[in-house]
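To keep things clear, I will list the structure first and then write my remarks on it.
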Amino acid sequence: MWSFSNIADSIHNGLSQTFNPTVTVILEMVIAGLAVIGLFAMLGLVLVIMERKVSAWMQIRLGPNRVGPKGMLQSFADTLKLLVKEGLTPNGADKFLFNLAPFIAMIVAMLLMAPIAFAKDFQLWDLNIGVLYVSAISSIMVISILMAGWASNNKYSLMGAMRSGAQIVSYELSAGLSILSIVILTGSLKVSTIIQSQADGWWIFKGHIPAIIAFIIFIIAVTAETNRAPFDLAEAESELTAGFHTEYSGMKFALFFLAEYVNVFIVCAIGTILFLGGWMPFHIGHWEGFNHVMDYIPSSIWFFGKTFFLIFIIMWFRWTFPRLRIDQLLNLEWKYLLPISMINVLVITAMAILKWHF
Amino acid sequence: MYRTTEIVNQEEGQPLEDGDMIINVGPQHPATHGVLHLVITLNGETIKKVEPHLGYIHRSIEKMCESLSYRQFIYVTSRMDYLSAHINNHACALCVEKGLEVEIPPRAQVIRVLMDELTRIASHELWWGAMAMDLGAFTPFFYAFRERESINDIMEETCGARLTMNYNVPGGVMHDLHPNFQKRVKDFIQLYKKKIHEYDEMVTGNIIFQNRMKNVGVLSAADAISYGCTGPTARGSGVSCDVRKHFPYEIYNQISFDEVLETQGDSYARYLVRIKEMQQSIRIIEQLIDNIPEGDFLTKTKAVLKLPKGEFYSQVETARGELGVYIVSEGGSTPYRIKFRSPGFSNLSVLDHIARGSKIGDLVAMMGTLDLVIPDIDR
Amino acid sequence: MTQEELKIKITEILPEATIEEGGDWPSFDLPAEKWLTAAETLRQQASLQMDFLFCLTCIDWKTHLTMVYHLRSTTSQQNIVIKIKLDTAKPEIESVAHIWRTAEFHEREVYEMFGVNFLHHPDLRLLILPDGWEGKNPLRKDFEDPVNMIKL
């Protein structure tokens, strides 16, 4: 079977035969690092072309259709263009912070790849606080945006950064609480345990209405956290030209751009893992026959299928909704989402104690 | 960006208060749809003052017209409010005809009104898309252009140009209608009626959109009059100011249509006025499209037009409001002085008044619903 | 109220105004120093209520400048035209920006295009011309720009 776990095992075995254990571990780390960088670039390319095609489809037009078959290589052309562009640093900018910010954004996005289970038994680092790790690391993202906004020495950038700071810090709460509700149901922070607990059905189905509420709040909150429309106030182009990355050009801009898309992928992957069973196929309780049929579909297809479905939903938001205003954005979080998710966590706790879920 | 700020600060000689900052929106900025330059004094996200700086696209059309003949100057006016180019031409042609005292044939009158209303719909379509884009919704722009394209196709077939049409000449219109005209317009009306519900579903009924629009940029009726607002901007505040109703020109007094009035005076009211105005325009077109009288489309006029000594003023309702053309003639073949009372200029002057105290995101909504076209302001 | 009645009424209210014949609407000449009080009367007089200043401009007649104010009452839909002669060398007139707010922008435009000085204007600065413009006022008849103006 050409599953991801088999490939990983055979690489491990092959390396162990020729090298001693220390060297094997080092080589495996290098391979994993390269794989993450490769995946990072691939995701960027795929998601950008996907966004452009989805938006074109929603906007009754064709989208990119010149480079490659049906324009599928457009992202490569764009990347090439961005690579050869001059990376300007404004005179008044704080050069060190200005150049550091895009790399922090990228590093955060890469670190977040670690605990994600892409397929059955295929995970870089199954640490026992996986979910906590994700919410902790993703908060660092705001630092790169604040850094970029402050160092640019541009008022648009500064305002964009301040908006995004307020926004990400606020929405982290609801996102955290909805993650917490699944942690309460599972009783574990470990990603593999959370996925295993969904072997008899995904949490969104097992957890009754509270789980669905948590899922909806999660999707809204992560859309805001990744600065996607309708919560794209940090880069509201009709108000702040391009927000925090106004002064960035060339590859530094591309890194922000890539980090944004990879972040979208990561939050959708987390959403998949928590609510839609990660790589777990669609199982229903004790219907052994049905479950067995579902298992024939490879786990990686389940994972990527579900993740890309969530990404599609987030793109759908972007191309249909107008943008919120800053006070409406904060009202939505503090007056509606946060109280609802707090009550929801209470209900889910009661449900978990009384074993009301399936 | 910083350089201009310093100049502005020095000019006014007013030190900024603590915590205030000045932001330049424009002359290159995605929200201004052109080269409008707004200097905004901000306290955090709250606007304390909006100060327009104009002139980036000022071509001094009024001065240019002084050396152009009465046939030539009409073409220049297409470049003022380019979205209602035909209506601009109409106002100029009316003014020259008033001076020459020529009656234009009924067929030409109907053609002019039909094209006026098509232009109005096209202009409002573009406004709708651009305004939604300002608010962060990209998709409506393409939906608006879908219908607008079919109007532009009709324009192209009729007079060869899609935007700056120059179809009006003193005494009538330049050519007769294309034989396909009636069919194409009827097709357009059918298409429009089939698609209009999408507009409401996508934008009007959207809760985010309504929150962004309601109680934003409230303009009272008294202020609207005092600031000289006209068109949908004033009608959103309940000021009845439709030139087509109050000072009817051509055949507008023979057509039944309603002047759309909303009373709230906020951005949402201005939005609704424009949306409903499109439907009224459709109503006018439906009344006229089957009743285009036969006959001449152009009155014979002299080769060189000379207006008698005196002053002539004509006004029409463009998509943005009242456009006045004021010609002072010394009896020669060129105007001695010409003044265009452009609706955008007056509508812009109210921006500071309604924007104070609101958020920077609201400014975009207000500019969107004031429907500013910069060449119209700068002339 | 017909135009004739309006003419009679205004000459009663503003005795210094002289009727000028021609044009679509009743047209009056006023001396510059009476303009401010006349404007206030026109705006506030209950039977007139000229609340809408829809066009404000200036004409350079080489010998003198003429300010032209087009006024409308939004209640009775009557239009009148007020004309005021100004001296070319030192054109000065009272601002009416506090009566009709729209005058603020229009007066700024006339200020830079014709060089008319509006007394007591809240914010008389260049609006359209570039900062630091020195030179003649573009819409005056003696303005020449050898680069941008093409003589036909």
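Going through the structure tokens in order, the chains are called A, B, and so on, while each chain numbers its residues from 1 and the ligands are numbered from 1 in the order shown.
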Enumerate, as a list in words, the complete set of residues in segment 13-55 of chain B that a backbone-based DSSP assignment places in strand (DSSP E).
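Reading the DSSP output for segment 13-55 of chain B, strand (DSSP E) covers Asp20, Met21, Ile22, Ile23, Asn24, Val25, His37, Leu38, Val39, Ile40, Thr41, Leu42, Asn43, Thr46, Ile47, Lys48, Lys49, Val50, Glu51, Pro52 and His53 of chain B.
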Preceding selection exported with C-alpha atoms as a PDB file, in the first residue's frame:
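New file selection30.pdb:
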ATOM      1  CA  ASP B  20      -4.360  63.012  16.473  1.00  0.00           C
ATOM      2  CA  MET B  21      -2.863  62.043  13.202  1.00  0.00           C
ATOM      3  CA  ILE B  22      -3.313  63.068   9.628  1.00  0.00           C
ATOM      4  CA  ILE B  23      -3.887  60.501   6.945  1.00  0.00           C
ATOM      5  CA  ASN B  24      -3.963  61.156   3.248  1.00  0.00           C
ATOM      6  CA  VAL B  25      -6.639  59.250   1.431  1.00  0.00           C
ATOM      7  CA  HIS B  37      -7.254  63.699  -2.296  1.00  0.00           C
ATOM      8  CA  LEU B  38      -8.787  63.774   1.158  1.00  0.00           C
ATOM      9  CA  VAL B  39      -6.710  64.888   4.115  1.00  0.00           C
ATOM     10  CA  ILE B  40      -8.254  63.273   7.147  1.00  0.00           C
ATOM     11  CA  THR B  41      -7.530  64.178  10.728  1.00  0.00           C
ATOM     12  CA  LEU B  42      -7.983  61.078  12.799  1.00  0.00           C
ATOM     13  CA  ASN B  43      -8.139  60.332  16.467  1.00  0.00           C
ATOM     14  CA  THR B  46     -12.510  58.340  14.593  1.00  0.00           C
ATOM     15  CA  ILE B  47     -12.601  61.059  11.983  1.00  0.00           C
ATOM     16  CA  LYS B  48     -12.249  64.605  13.260  1.00  0.00           C
ATOM     17  CA  LYS B  49     -12.020  66.415   9.972  1.00  0.00           C
ATOM     18  CA  VAL B  50     -12.100  65.648   6.268  1.00  0.00           C
ATOM     19  CA  GLU B  51     -10.559  68.121   3.917  1.00  0.00           C
ATOM     20  CA  PRO B  52     -10.743  67.582   0.171  1.00  0.00           C
ATOM     21  CA  HIS B  53      -7.870  68.762  -1.995  1.00  0.00           C
TER      22      HIS B  53
END
What residues in chain A have any atom no more than 10 Å from chain B when counting only C-alpha atoms, and can you write them as a ChimeraX atom specification?
/A:55-56,58-61,153-156,159,162-163,229-233,236-242,317-328
Proximity of chain B to chain C: per-residue shortest pair, 9 Å limit, only C-alpha atoms, as JSON lines:
{"residue": "B:Ile7", "atom": "CA", "partner": "C:Asp131", "partner_atom": "CA", "distance": 8.6}
{"residue": "B:Pro52", "atom": "CA", "partner": "C:Leu127", "partner_atom": "CA", "distance": 7.9}
{"residue": "B:His53", "atom": "CA", "partner": "C:Leu127", "partner_atom": "CA", "distance": 5.9}
{"residue": "B:Leu54", "atom": "CA", "partner": "C:Ile128", "partner_atom": "CA", "distance": 4.7}
{"residue": "B:Gly55", "atom": "CA", "partner": "C:Ile128", "partner_atom": "CA", "distance": 4.0}
{"residue": "B:Tyr56", "atom": "CA", "partner": "C:Ile128", "partner_atom": "CA", "distance": 7.7}
{"residue": "B:His58", "atom": "CA", "partner": "C:Ile128", "partner_atom": "CA", "distance": 7.3}
{"residue": "B:Ser60", "atom": "CA", "partner": "C:Leu139", "partner_atom": "CA", "distance": 8.3}
{"residue": "B:Glu62", "atom": "CA", "partner": "C:Leu139", "partner_atom": "CA", "distance": 8.0}
{"residue": "B:Lys63", "atom": "CA", "partner": "C:Leu139", "partner_atom": "CA", "distance": 6.2}
{"residue": "B:Met64", "atom": "CA", "partner": "C:Met149", "partner_atom": "CA", "distance": 8.0}
{"residue": "B:Ser67", "atom": "CA", "partner": "C:Leu152", "partner_atom": "CA", "distance": 7.0}
{"residue": "B:Leu68", "atom": "CA", "partner": "C:Leu152", "partner_atom": "CA", "distance": 7.9}
{"residue": "B:Ala222", "atom": "CA", "partner": "C:Asp51", "partner_atom": "CA", "distance": 8.9}
{"residue": "B:Asp223", "atom": "CA", "partner": "C:Arg101", "partner_atom": "CA", "distance": 8.2}
{"residue": "B:Ile225", "atom": "CA", "partner": "C:Phe52", "partner_atom": "CA", "distance": 5.7}
{"residue": "B:Ser226", "atom": "CA", "partner": "C:Trp100", "partner_atom": "CA", "distance": 5.0}
{"residue": "B:Tyr227", "atom": "CA", "partner": "C:Thr102", "partner_atom": "CA", "distance": 4.1}
{"residue": "B:Gly228", "atom": "CA", "partner": "C:Thr102", "partner_atom": "CA", "distance": 5.3}
{"residue": "B:Cys229", "atom": "CA", "partner": "C:Thr102", "partner_atom": "CA", "distance": 8.2}
{"residue": "B:Val239", "atom": "CA", "partner": "C:Thr74", "partner_atom": "CA", "distance": 8.4}
{"residue": "B:Ser240", "atom": "CA", "partner": "C:Thr74", "partner_atom": "CA", "distance": 8.0}
{"residue": "B:Cys241", "atom": "CA", "partner": "C:Thr74", "partner_atom": "CA", "distance": 7.8}
{"residue": "B:His246", "atom": "CA", "partner": "C:Gln77", "partner_atom": "CA", "distance": 7.3}
{"residue": "B:Phe247", "atom": "CA", "partner": "C:Gln77", "partner_atom": "CA", "distance": 8.7}
{"residue": "B:Gly310", "atom": "CA", "partner": "C:Gly23", "partner_atom": "CA", "distance": 7.1}
{"residue": "B:Glu311", "atom": "CA", "partner": "C:Gly23", "partner_atom": "CA", "distance": 5.9}
{"residue": "B:Phe312", "atom": "CA", "partner": "C:Gly23", "partner_atom": "CA", "distance": 6.4}
{"residue": "B:Tyr313", "atom": "CA", "partner": "C:Asp24", "partner_atom": "CA", "distance": 7.6}
{"residue": "B:Glu322", "atom": "CA", "partner": "C:Phe54", "partner_atom": "CA", "distance": 8.8}
{"residue": "B:Gly324", "atom": "CA", "partner": "C:Cys55", "partner_atom": "CA", "distance": 7.8}
{"residue": "B:Tyr326", "atom": "CA", "partner": "C:Cys55", "partner_atom": "CA", "distance": 8.9}
{"residue": "B:Val328", "atom": "CA", "partner": "C:Ile59", "partner_atom": "CA", "distance": 8.5}
{"residue": "B:Tyr336", "atom": "CA", "partner": "C:Ile59", "partner_atom": "CA", "distance": 8.9}
{"residue": "B:Arg337", "atom": "CA", "partner": "C:Ile59", "partner_atom": "CA", "distance": 6.7}
{"residue": "B:Ile338", "atom": "CA", "partner": "C:Ile59", "partner_atom": "CA", "distance": 8.8}
{"residue": "B:Lys339", "atom": "CA", "partner": "C:Thr57", "partner_atom": "CA", "distance": 7.3}
{"residue": "B:Phe340", "atom": "CA", "partner": "C:Cys55", "partner_atom": "CA", "distance": 8.7}
{"residue": "B:Arg341", "atom": "CA", "partner": "C:Cys55", "partner_atom": "CA", "distance": 6.0}
{"residue": "B:Phe345", "atom": "CA", "partner": "C:Phe105", "partner_atom": "CA", "distance": 8.0}
{"residue": "B:Ser346", "atom": "CA", "partner": "C:Thr102", "partner_atom": "CA", "distance": 6.3}
{"residue": "B:Asn347", "atom": "CA", "partner": "C:Thr102", "partner_atom": "CA", "distance": 8.9}
{"residue": "B:Ser349", "atom": "CA", "partner": "C:Phe105", "partner_atom": "CA", "distance": 6.6}
{"residue": "B:Val350", "atom": "CA", "partner": "C:Thr102", "partner_atom": "CA", "distance": 8.1}
{"residue": "B:Asp378", "atom": "CA", "partner": "C:Ile128", "partner_atom": "CA", "distance": 7.4}
Within 6 Å of Arg72 of chain C, counting only C-alpha atoms, which residues show up once you throw out same-chain ones fewer than 5 positions away? Write them as a PyMOL selection string, please.
chain C and resi 50+52+78-79
For the alpha helix (DSSP H) assignment from backbone DSSP, which residues of segment 44-103 of chain B qualify? Please present them as number ranges by chain.
B: 61-65, 73-77, 85-100
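Every protein, DNA or RNA residue with an atom at most 8 Å from segment 205-218 of chain A, where only C-alpha atoms count and chain neighbours fewer than 4 positions away do not, is listed here: Ser174, Ala175, Ser178, Ile179, Ser181, Ile182, Gly201, Val222, Gly271, Phe275, Leu337, Ser341, Asn344, Val347, Ile348, His357 and Phe358 of chain A.
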Please produce a file of those selected residues containing C-alpha atoms, as a short mmCIF file (atom, residue, chain, number, x, y, z; two decimals), in the first residue's frame.
data_model
loop_
_atom_site.label_atom_id
_atom_site.label_comp_id
_atom_site.auth_asym_id
_atom_site.auth_seq_id
_atom_site.Cartn_x
_atom_site.Cartn_y
_atom_site.Cartn_z
CA SER A 174 -13.80 32.23 21.01
CA ALA A 175 -11.56 30.03 18.93
CA SER A 178 -14.61 26.16 20.88
CA ILE A 179 -11.41 24.11 20.75
CA SER A 181 -15.30 22.17 24.03
CA ILE A 182 -13.92 19.31 21.93
CA GLY A 201 -18.56 9.20 14.38
CA VAL A 222 -10.62 31.45 12.63
CA GLY A 271 -11.17 22.40 12.36
CA PHE A 275 -14.91 18.48 14.45
CA LEU A 337 -19.59 35.08 20.19
CA SER A 341 -19.25 30.08 23.44
CA ASN A 344 -21.75 26.44 25.06
CA VAL A 347 -23.41 22.83 28.19
CA ILE A 348 -20.78 20.62 26.64
CA HIS A 357 -23.13 12.41 23.64
CA PHE A 358 -23.06 9.35 21.42
#
Might you pull out every residue within 7 Å of segment 306-309 of chain B, with only C-alpha atoms counted and same-chain residues fewer than 5 positions away left off, and present them as a PDB file with N, CA, C and O atoms, in the first residue's frame?
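Listed below is the output, result.pdb:
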ATOM      1  N   GLY B  99     -30.660  79.087 -26.746  1.00  0.00           N
ATOM      2  CA  GLY B  99     -30.131  80.325 -27.304  1.00  0.00           C
ATOM      3  C   GLY B  99     -30.511  80.506 -28.760  1.00  0.00           C
ATOM      4  O   GLY B  99     -30.859  81.603 -29.201  1.00  0.00           O
ATOM      5  N   LEU B 100     -30.476  79.401 -29.511  1.00  0.00           N
ATOM      6  CA  LEU B 100     -30.787  79.482 -30.940  1.00  0.00           C
ATOM      7  C   LEU B 100     -32.289  79.558 -31.196  1.00  0.00           C
ATOM      8  O   LEU B 100     -32.715  79.866 -32.302  1.00  0.00           O
ATOM      9  N   SER B 329     -23.153  84.698 -23.645  1.00  0.00           N
ATOM     10  CA  SER B 329     -22.759  84.895 -25.038  1.00  0.00           C
ATOM     11  C   SER B 329     -22.618  86.379 -25.339  1.00  0.00           C
ATOM     12  O   SER B 329     -23.381  87.201 -24.839  1.00  0.00           O
ATOM     13  N   GLU B 330     -21.636  86.676 -26.138  1.00  0.00           N
ATOM     14  CA  GLU B 330     -21.442  88.046 -26.613  1.00  0.00           C
ATOM     15  C   GLU B 330     -21.895  88.172 -28.069  1.00  0.00           C
ATOM     16  O   GLU B 330     -21.596  89.154 -28.725  1.00  0.00           O
ATOM     17  N   GLY B 331     -22.548  87.118 -28.570  1.00  0.00           N
ATOM     18  CA  GLY B 331     -23.018  87.132 -29.933  1.00  0.00           C
ATOM     19  C   GLY B 331     -22.071  86.485 -30.919  1.00  0.00           C
ATOM     20  O   GLY B 331     -22.363  86.403 -32.109  1.00  0.00           O
ATOM     21  N   GLY B 332     -20.954  85.970 -30.427  1.00  0.00           N
ATOM     22  CA  GLY B 332     -19.977  85.366 -31.327  1.00  0.00           C
ATOM     23  C   GLY B 332     -20.247  83.885 -31.541  1.00  0.00           C
ATOM     24  O   GLY B 332     -21.276  83.348 -31.129  1.00  0.00           O
ATOM     25  N   SER B 333     -19.302  83.228 -32.188  1.00  0.00           N
ATOM     26  CA  SER B 333     -19.475  81.797 -32.450  1.00  0.00           C
ATOM     27  C   SER B 333     -18.900  80.949 -31.330  1.00  0.00           C
ATOM     28  O   SER B 333     -18.981  79.726 -31.377  1.00  0.00           O
TER      29      SER B 333
END
